[in-house]
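Below: structure_28.csv (CSV, C-alpha atoms)
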chain,number,residue,atom,x,y,z
A,1,MET,CA,-11.7,5.1,-11.8
A,2,LYS,CA,-9.6,8.0,-10.9
A,3,ALA,CA,-6.7,7.8,-8.4
A,4,THR,CA,-4.9,10.9,-7.1
A,5,ILE,CA,-1.6,10.5,-5.3
A,6,LEU,CA,-1.8,12.6,-2.2
A,7,ILE,CA,1.7,11.8,-1.0
A,8,ASP,CA,4.7,10.0,-2.5
A,9,ASN,CA,8.5,10.4,-2.3
A,10,LEU,CA,8.5,12.5,-5.4
A,11,THR,CA,6.5,15.7,-6.1
A,12,LYS,CA,6.0,18.3,-8.8
A,13,GLY,CA,5.1,21.9,-8.1
A,14,THR,CA,4.3,23.1,-4.5
A,15,LEU,CA,2.8,19.9,-3.1
A,16,ALA,CA,4.7,18.3,-0.2
A,17,ALA,CA,6.5,15.0,-0.5
A,18,GLU,CA,7.8,12.4,2.1
A,19,TRP,CA,8.8,8.8,2.4
A,20,GLY,CA,5.2,7.5,2.4
A,21,LEU,CA,2.2,6.9,0.3
A,22,SER,CA,-1.5,8.0,0.3
A,23,VAL,CA,-4.0,7.6,-2.6
A,24,TYR,CA,-7.4,9.2,-3.0
A,25,ILE,CA,-9.7,7.1,-5.2
A,26,GLU,CA,-13.0,8.0,-7.0
A,27,TYR,CA,-14.7,4.8,-8.1
A,28,ARG,CA,-18.2,5.0,-9.4
A,29,ASP,CA,-20.1,6.9,-6.6
A,30,HIS,CA,-17.5,5.9,-3.9
A,31,ARG,CA,-14.7,8.0,-2.4
A,32,ILE,CA,-11.9,5.9,-0.9
A,33,LEU,CA,-8.7,6.7,0.9
A,34,LEU,CA,-5.8,4.2,0.7
A,35,ASP,CA,-3.1,4.9,3.4
A,36,THR,CA,-2.2,8.2,5.1
A,37,GLY,CA,1.5,8.6,4.6
A,38,ALA,CA,3.8,9.3,7.5
A,39,SER,CA,2.4,12.6,8.7
A,40,ASP,CA,-0.4,15.1,8.0
A,41,ARG,CA,1.2,16.2,4.7
A,42,PHE,CA,-1.2,14.0,2.6
A,43,ALA,CA,-4.1,15.9,4.2
A,44,ARG,CA,-2.6,19.3,3.5
A,45,ASN,CA,-1.9,18.3,-0.1
A,46,ALA,CA,-5.5,17.1,-0.4
A,47,GLU,CA,-6.7,20.6,0.7
A,48,GLN,CA,-4.4,22.2,-1.9
A,49,LEU,CA,-5.9,19.9,-4.5
A,50,GLY,CA,-9.5,20.7,-3.5
A,51,ILE,CA,-10.1,17.2,-2.2
A,52,ASP,CA,-12.5,16.9,0.7
A,53,LEU,CA,-11.3,14.1,3.0
A,54,GLY,CA,-14.5,14.5,5.0
A,55,ALA,CA,-16.4,13.0,2.1
A,56,VAL,CA,-14.4,9.8,2.1
A,57,GLU,CA,-16.7,6.8,2.5
A,58,PHE,CA,-14.2,4.4,3.8
A,59,ALA,CA,-10.4,4.3,4.3
A,60,VAL,CA,-8.0,1.4,4.0
A,61,LEU,CA,-4.6,0.7,5.5
A,62,SER,CA,-2.5,-1.5,3.1
A,63,HIS,CA,-0.2,-2.7,5.9
A,64,ALA,CA,1.0,-1.8,9.4
A,65,HIS,CA,4.0,0.4,8.7
A,66,TYR,CA,4.4,3.9,9.9
A,67,ASP,CA,4.9,5.5,6.4
A,68,HIS,CA,1.4,4.4,5.5
A,69,ALA,CA,-0.3,4.7,8.9
A,70,ASP,CA,1.1,7.7,10.9
A,71,GLY,CA,-1.3,10.2,9.2
A,72,MET,CA,-4.3,8.3,10.5
A,73,ALA,CA,-4.9,11.0,13.2
A,74,ALA,CA,-5.0,13.7,10.5
A,75,PHE,CA,-7.6,11.7,8.6
A,76,PHE,CA,-9.8,11.2,11.7
A,77,GLU,CA,-9.6,14.9,12.5
A,78,ARG,CA,-11.1,15.6,9.0
A,79,ASN,CA,-13.5,12.8,8.7
A,80,GLN,CA,-15.9,11.9,11.5
A,81,GLU,CA,-17.7,8.8,10.1
A,82,ALA,CA,-15.7,6.7,7.6
A,83,PRO,CA,-14.6,3.3,8.9
A,84,PHE,CA,-10.9,2.5,8.5
A,85,TYR,CA,-10.1,-1.0,7.4
A,86,LEU,CA,-6.9,-2.8,8.6
A,87,ARG,CA,-6.0,-6.3,7.8
A,88,GLU,CA,-7.0,-8.7,10.6
A,89,GLY,CA,-3.4,-9.5,11.5
A,90,SER,CA,-2.4,-5.8,12.1
A,91,ARG,CA,-0.6,-5.1,15.4
A,92,GLU,CA,1.8,-2.5,16.7
A,93,ASN,CA,4.7,-4.9,16.3
A,94,CYS,CA,6.6,-4.2,13.1
A,95,TYR,CA,10.4,-3.7,13.1
A,96,GLY,CA,13.2,-3.3,10.6
A,97,LYS,CA,16.6,-4.6,11.3
A,98,ARG,CA,19.9,-2.8,10.7
A,99,TRP,CA,23.1,-4.6,11.8
A,100,ILE,CA,22.1,-6.1,15.1
A,101,PHE,CA,19.5,-3.5,16.0
A,102,HIS,CA,15.7,-3.7,15.6
A,103,LYS,CA,14.0,-0.4,14.9
A,104,TYR,CA,10.3,0.1,15.4
A,105,ILE,CA,8.6,0.9,12.0
A,106,GLY,CA,5.0,0.0,12.8
A,107,ILE,CA,1.8,1.9,13.4
A,108,ARG,CA,2.3,4.7,15.9
A,109,ARG,CA,1.9,3.1,19.3
A,110,GLY,CA,-1.5,3.8,20.9
A,111,TYR,CA,-3.3,4.4,17.6
A,112,LEU,CA,-5.1,1.0,17.6
A,113,GLU,CA,-6.6,1.7,21.0
A,114,GLN,CA,-7.1,5.4,20.5
A,115,TYR,CA,-9.1,4.9,17.3
A,116,ARG,CA,-10.6,1.5,18.0
A,117,GLU,CA,-14.2,2.8,17.4
A,118,ARG,CA,-13.3,3.7,13.8
A,119,ILE,CA,-11.1,0.8,13.0
A,120,ARG,CA,-12.5,-2.4,11.3
A,121,TYR,CA,-10.4,-5.6,10.8
A,122,ALA,CA,-10.8,-7.1,7.4
A,123,LYS,CA,-11.0,-10.8,6.7
A,124,GLU,CA,-9.0,-12.6,4.0
A,125,ARG,CA,-11.4,-11.4,1.3
A,126,GLN,CA,-13.8,-8.7,2.2
A,127,GLU,CA,-16.1,-6.7,-0.1
A,128,LEU,CA,-16.5,-3.1,1.0
A,129,ALA,CA,-18.9,-2.1,-1.8
A,130,PRO,CA,-19.9,-3.6,-5.1
A,131,GLY,CA,-16.7,-3.9,-7.2
A,132,VAL,CA,-14.5,-3.0,-4.2
A,133,CYS,CA,-12.7,-5.7,-2.4
A,134,LEU,CA,-9.8,-6.2,0.1
A,135,LEU,CA,-7.7,-9.3,-0.5
A,136,ALA,CA,-5.1,-10.8,1.9
A,137,HIS,CA,-2.0,-12.8,0.7
A,138,SER,CA,-2.5,-16.4,-0.3
A,139,THR,CA,1.1,-17.0,-1.4
A,140,GLU,CA,3.0,-19.4,0.9
A,141,GLY,CA,6.4,-18.8,2.4
A,142,LEU,CA,6.3,-15.1,2.6
A,143,ALA,CA,8.4,-15.0,5.8
A,144,SER,CA,11.4,-15.6,3.4
A,145,PHE,CA,10.6,-12.2,1.8
A,146,GLY,CA,10.5,-10.6,5.3
A,147,ALA,CA,13.9,-12.1,6.2
A,148,ARG,CA,15.5,-11.1,2.9
A,149,ASN,CA,14.3,-7.5,3.4
A,150,HIS,CA,15.2,-7.4,7.1
A,151,LEU,CA,11.6,-6.9,8.2
A,152,TYR,CA,10.3,-8.5,11.4
A,153,VAL,CA,7.3,-8.7,13.8
A,154,LYS,CA,7.8,-8.9,17.5
A,155,GLN,CA,5.8,-11.7,19.2
A,156,ARG,CA,6.2,-12.7,22.9
A,157,GLY,CA,9.5,-11.0,23.1
A,158,HIS,CA,10.9,-12.6,19.9
A,159,TYR,CA,11.6,-11.1,16.5
A,160,LEU,CA,10.2,-13.3,13.8
A,161,ALA,CA,10.6,-12.7,10.0
A,162,ASP,CA,7.5,-10.8,8.8
A,163,ASP,CA,5.1,-12.9,6.7
A,164,PHE,CA,3.0,-9.9,6.0
A,165,ARG,CA,-0.3,-11.2,7.4
A,166,HIS,CA,-0.9,-7.5,8.1
A,167,GLU,CA,-0.8,-6.6,4.4
A,168,GLN,CA,-3.7,-6.5,2.0
A,169,SER,CA,-4.5,-5.4,-1.6
A,170,LEU,CA,-7.3,-3.2,-2.6
A,171,ILE,CA,-9.0,-4.5,-5.8
A,172,LEU,CA,-11.4,-2.4,-8.0
A,173,ASP,CA,-13.4,-4.1,-10.7
A,174,THR,CA,-13.9,-2.0,-13.8
A,175,GLU,CA,-15.4,-2.6,-17.2
A,176,LYS,CA,-12.0,-2.8,-18.7
A,177,GLY,CA,-10.5,-5.1,-16.0
A,178,LEU,CA,-9.3,-5.3,-12.5
A,179,ILE,CA,-7.1,-2.6,-10.9
A,180,ILE,CA,-4.8,-3.6,-8.0
A,181,LEU,CA,-3.6,-1.1,-5.4
A,182,SER,CA,-0.9,-2.6,-3.3
A,183,SER,CA,1.1,0.1,-1.6
A,184,CYS,CA,4.4,-1.7,-0.9
A,185,SER,CA,3.9,-5.1,-2.5
A,186,HIS,CA,6.1,-6.8,0.1
A,187,ALA,CA,5.0,-10.2,-1.1
A,188,GLY,CA,6.3,-9.5,-4.6
A,189,ALA,CA,4.4,-7.6,-7.3
A,190,ASP,CA,4.2,-10.8,-9.4
A,191,ASN,CA,2.9,-12.9,-6.5
A,192,ILE,CA,0.2,-10.3,-5.8
A,193,ILE,CA,-0.9,-10.2,-9.4
A,194,ASN,CA,-1.1,-14.0,-9.4
A,195,GLU,CA,-3.1,-13.9,-6.1
A,196,VAL,CA,-5.6,-11.6,-7.7
A,197,SER,CA,-5.8,-13.8,-10.8
A,198,ALA,CA,-6.6,-16.8,-8.6
A,199,ALA,CA,-9.2,-14.9,-6.7
A,200,TYR,CA,-10.9,-13.6,-9.9
A,201,PRO,CA,-10.6,-16.5,-12.4
A,202,GLY,CA,-11.2,-15.4,-15.9
A,203,LYS,CA,-10.9,-11.7,-15.1
A,204,ARG,CA,-8.6,-9.5,-17.0
A,205,ILE,CA,-6.1,-7.6,-14.8
A,206,ARG,CA,-5.6,-4.1,-16.3
A,207,ALA,CA,-3.3,-2.3,-13.9
A,208,MET,CA,-1.4,-2.3,-10.6
A,209,ILE,CA,-0.6,0.9,-8.6
A,210,GLY,CA,1.8,1.1,-5.7
A,211,GLY,CA,5.3,0.7,-4.5
A,212,PHE,CA,7.3,-2.5,-5.2
A,213,HIS,CA,9.9,-2.4,-2.3
A,214,LEU,CA,12.8,-2.8,-4.6
A,215,TYR,CA,15.2,-0.1,-3.4
A,216,HIS,CA,17.5,-2.7,-1.8
A,217,THR,CA,17.1,-5.3,-4.7
A,218,SER,CA,20.0,-6.1,-7.0
A,219,GLU,CA,19.8,-5.2,-10.7
A,220,GLU,CA,19.5,-8.9,-11.5
A,221,GLY,CA,16.6,-9.3,-9.1
A,222,VAL,CA,14.7,-6.4,-10.5
A,223,ARG,CA,15.2,-7.6,-14.1
A,224,ALA,CA,14.0,-11.1,-13.1
A,225,LEU,CA,10.9,-9.5,-11.4
A,226,ALA,CA,10.2,-7.5,-14.6
A,227,GLY,CA,10.2,-10.8,-16.5
A,228,ARG,CA,7.7,-12.3,-14.1
A,229,ILE,CA,5.5,-9.3,-14.2
A,230,ARG,CA,5.5,-9.4,-18.0
A,231,ALA,CA,4.5,-13.1,-17.9
A,232,THR,CA,1.3,-12.2,-15.9
A,233,GLY,CA,-0.1,-10.3,-18.9
A,234,ILE,CA,-0.9,-7.2,-16.8
A,235,GLU,CA,-1.2,-4.1,-19.0
A,236,LYS,CA,-0.1,-1.2,-16.9
A,237,ILE,CA,2.2,-0.6,-13.9
A,238,CYS,CA,2.2,2.7,-11.9
A,239,THR,CA,4.9,2.5,-9.3
A,240,GLY,CA,6.9,4.7,-6.9
A,241,HIS,CA,7.5,5.2,-3.2
A,242,CYS,CA,9.6,2.2,-2.0
A,243,THR,CA,10.4,1.0,-5.6
A,244,GLY,CA,13.5,3.2,-5.7
A,245,ASP,CA,14.9,5.3,-8.6
A,246,ALA,CA,17.4,2.7,-9.8
A,247,ALA,CA,14.9,-0.1,-9.8
A,248,PHE,CA,12.3,2.1,-11.6
A,249,GLN,CA,14.8,2.8,-14.4
A,250,ILE,CA,15.4,-0.9,-14.8
A,251,LEU,CA,11.7,-1.7,-14.9
A,252,LYS,CA,11.3,1.0,-17.5
A,253,GLU,CA,14.1,-0.5,-19.6
A,254,GLU,CA,12.5,-3.9,-19.3
A,255,LEU,CA,8.8,-3.0,-19.6
A,256,GLY,CA,8.9,0.2,-21.5
A,257,GLU,CA,5.6,2.3,-21.8
A,258,GLN,CA,3.9,-0.3,-19.6
A,259,VAL,CA,5.5,1.4,-16.6
A,260,CYS,CA,4.9,4.9,-15.3
A,261,GLN,CA,6.4,6.8,-12.3
A,262,LEU,CA,4.2,7.9,-9.3
A,263,TYR,CA,4.5,11.3,-7.9
A,264,THR,CA,2.6,13.5,-5.4
A,265,GLY,CA,-0.3,15.1,-7.2
A,266,MET,CA,-0.4,12.6,-10.1
A,267,GLU,CA,-3.9,11.7,-11.4
A,268,ILE,CA,-4.4,8.2,-12.9
A,269,VAL,CA,-7.6,7.6,-14.8
A,270,LEU,CA,-8.3,4.1,-15.9
Let me see the structure of the file written as structure tokens.
Amino acid sequence: MKATILIDNLTKGTLAAEWGLSVYIEYRDHRILLDTGASDRFARNAEQLGIDLGAVEFAVLSHAHYDHADGMAAFFERNQEAPFYLREGSRENCYGKRWIFHKYIGIRRGYLEQYRERIRYAKERQELAPGVCLLAHSTEGLASFGARNHLYVKQRGHYLADDFRHEQSLILDTEKGLIILSSCSHAGADNIINEVSAAYPGKRIRAMIGGFHLYHTSEEGVRALAGRIRATGIEKICTGHCTGDAAFQILKEELGEQVCQLYTGMEIVL
């Protein structure tokens, strides 16, 4: 498995960066795209890297936030056939709260209708190809995570704490263990690892790639999470985007060489 980070907050060299995430994955004979960042920058970076988005077999949206979904149009312009898998609970209804104000942070309005012919809605556990699976959350009480992080969904005129039913993990089964790609890990990285363990009993979990949404989390909270991640037995963590610089440094202190920093253009071979 080879994963190339097409967009992240950080970059090296001449590749563009933005608040967003997009990952191009080569797995066996499959070409997969996870997320599209917040603009067409991921696609322009792909061109610079010599990656043909037109050859992608299927694309996945990790969750219904703009910084992962708003580059969808750029992908569809470059790829005429690949289905795009969203979690069944995805809507254009995600908001972030600051003070008393709710700001729309969801998929660009109109995209779900405009691209309905290309969009597929994934079930709680859905195999896309042998060894490639999408997995929804099974952890209970996730609305508490939404409330704590000031994330909401609007339903029938009311703002409800987000329980992340629009979020899913991409799981790759390799000879050396499972690889989890979970772009923002709103449910908690440790919870997601445990969800995957429950879904694949007896399987070794080798690595997790994605943001951990820790940029507003206290030092005590990050250190506690590091301990819970260590307890899962996972071997490798590659994190960036919404993890935040301060939280990454704490994770590095706690987990050492087990952790590496994502950046635009990075290649991860596992």
Surrounding residues of Ala122 of chain A excluding itself and chain neighbours under 4 positions, 10 Å, all atoms listed in the file, as an NGL selection string: :A and (60 or 84-90 or 126-128 or 134-136 or 166 or 168)
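Ranking A:Ile229, A:Ala207, A:Ile193, A:Ala187 by their shortest atom-to-atom distance to Ala147 of chain A, with all atoms listed in the file included, puts A:Ala187 first.
Atom pair atom CA of Leu10 of chain A / atom CA of Ala231 of chain A: separated by 28.8 Å.
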Answer as a list in words, residues within 8 Å of (-8.2, -2.3, -7.2) using all atoms listed in the file: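 It turns out the residues near that spot are Val132, Cys133, Ser169, Leu170, Ile171, Leu172, Asp173, Leu178, Ile179, Ile180, Leu181 and Met208 of chain A.
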Point-to-point distance from atom CA of Gly37 of chain A to atom CA of Ala64 of chain A, Å rounded to tenths: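 According to the coordinates, atom CA of Gly37 of chain A and atom CA of Ala64 of chain A are separated by 11.5 Å.
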Using all atoms listed in the file: which of A:Gly244, A:Ser183, A:Thr174, A:Gly131 has the shortest distance to Asp67 of chain A: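 Answer, going by the shortest atom-to-atom distance: A:Ser183.
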Answer as a ChimeraX atom specification, residues within 9 Å of (10.1, -2.9, -17.3) using only C-alpha atoms: /A:222-223,225-227,229-230,237,248-259
